[in-house]
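All remarks here apply to the structure that follows.
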Amino acid sequence: MDMFYADVRWLEPGWRETFRLRLAGWLPNDWVGEGIRNGVISWRQNAGEIVDITVRGRHLTDLSDHSFTDETTKQLGLVLAAQDWDSAWFASTPGIAGGWVGISDMFPEHFREKVVGAFALIRSGSDEVCRSGK
């Protein structure tokens, strides 16, 4: 019997802000404010523009063995596209006020690349990802 693990934590308030922070390494101030209101992000004391991810934020976004499967990263790409994410959000943007997270709190590079790649395929209009399962 084939099994598919569907991670639905993205439905929870605060997932969006924390996931973007861990994917890109930064958030614009309005997203930081929303993350604080949702209890997933806090400003680091005496550290300027550095933010920390709260226990709740980690619970919503920590990765498991299932997170690295092709099916899960494709599902996440679909979630990001459905939520109208913008590919520019994945790059750091100097000059825009915001909060930054330490490299150790970001997702591993290979996971980030897989999710962003799945998102890019979907946003480019290629629904081959959805039809073929590839």
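Numbering starts fresh at 1 for the residues of each chain in the structure tokens, the chains themselves are lettered A, B, ... in the order given, and ligands are numbered from 1 as they appear.
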
Dump as a tab-separated table the rows for residues of range 56-131 of chain A within 8 Å of range 18-36 of chain A: closest atom pair and distance in Å with one decimal, only C-alpha atoms counted, ordered by chain and rising residue number.
residue	atom	partner	partner_atom	distance
A:Gly57	CA	A:Thr18	CA	5.9
A:Arg58	CA	A:Thr18	CA	7.9
A:Leu60	CA	A:Thr18	CA	7.9
A:Thr61	CA	A:Phe19	CA	6.1
A:Trp89	CA	A:Ala24	CA	7.0
A:Phe90	CA	A:Ala24	CA	4.7
A:Ala91	CA	A:Ala24	CA	6.0
A:Ser92	CA	A:Trp26	CA	6.5
A:Ile96	CA	A:Pro28	CA	6.6
A:Ala97	CA	A:Pro28	CA	5.9
A:Gly98	CA	A:Pro28	CA	4.0
A:Gly99	CA	A:Leu27	CA	5.3
A:Trp100	CA	A:Trp26	CA	4.3
A:Val101	CA	A:Gly25	CA	5.4
A:Gly102	CA	A:Gly25	CA	7.3
A:Ile103	CA	A:Gly25	CA	7.2
A:Asp105	CA	A:Arg22	CA	6.3
A:Met106	CA	A:Arg22	CA	4.2
A:Phe107	CA	A:Arg22	CA	5.5
A:Arg112	CA	A:Leu23	CA	5.9

Practice task
If you run DSSP over the backbone, which residues in range 37-117 of chain A end up strand (DSSP E or B)? Put them as a PyMOL selection string.
Solution key: chain A and resi 41-43+50-53+98-100

Produce a file of the selected residues containing C-alpha atoms, as a PDB file, in the first residue's frame.
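So the final result, stored in result-v3.pdb, reads:
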ATOM      1  CA  ILE A  41       8.105  35.407  15.768  1.00  0.00           C
ATOM      2  CA  SER A  42       9.634  37.781  18.302  1.00  0.00           C
ATOM      3  CA  TRP A  43      12.203  40.560  18.041  1.00  0.00           C
ATOM      4  CA  ILE A  50      17.186  40.106  14.154  1.00  0.00           C
ATOM      5  CA  VAL A  51      14.063  38.059  14.873  1.00  0.00           C
ATOM      6  CA  ASP A  52      13.657  34.740  16.630  1.00  0.00           C
ATOM      7  CA  ILE A  53      11.239  31.957  15.855  1.00  0.00           C
ATOM      8  CA  GLY A  98      12.392  44.032   8.054  1.00  0.00           C
ATOM      9  CA  GLY A  99      13.565  41.271  10.287  1.00  0.00           C
ATOM     10  CA  TRP A 100      16.297  38.740   9.633  1.00  0.00           C
TER      11      TRP A 100
END

Restricting to only C-alpha atoms, whichever of A:Trp10, A:Phe68, A:Phe119, A:Trp15 is closest to Asp84 in chain A is A:Phe119

What is the distance between CA of Asn46 in chain A and CA of Glu109 in chain A, in Å to one decimal?
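Computing the Euclidean distance for CA of Asn46 in chain A and CA of Glu109 in chain A yields 28.3 Å.
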
Exercise for review: Mind listing the alpha helix (DSSP H) residues of chain A, per DSSP on the backbone, as a VMD selection string?
Suggested key: chain A and resid 15 to 24 29 to 37 55 to 61 70 to 82 109 to 123 128 to 132

Q. Taking only C-alpha atoms into account, which of A:Lys114, A:His59, A:Arg44, A:Lys74 comes nearest Arg9 in chain A?
A.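 With only C-alpha atoms as the atom set, the closest residue is A:His59.
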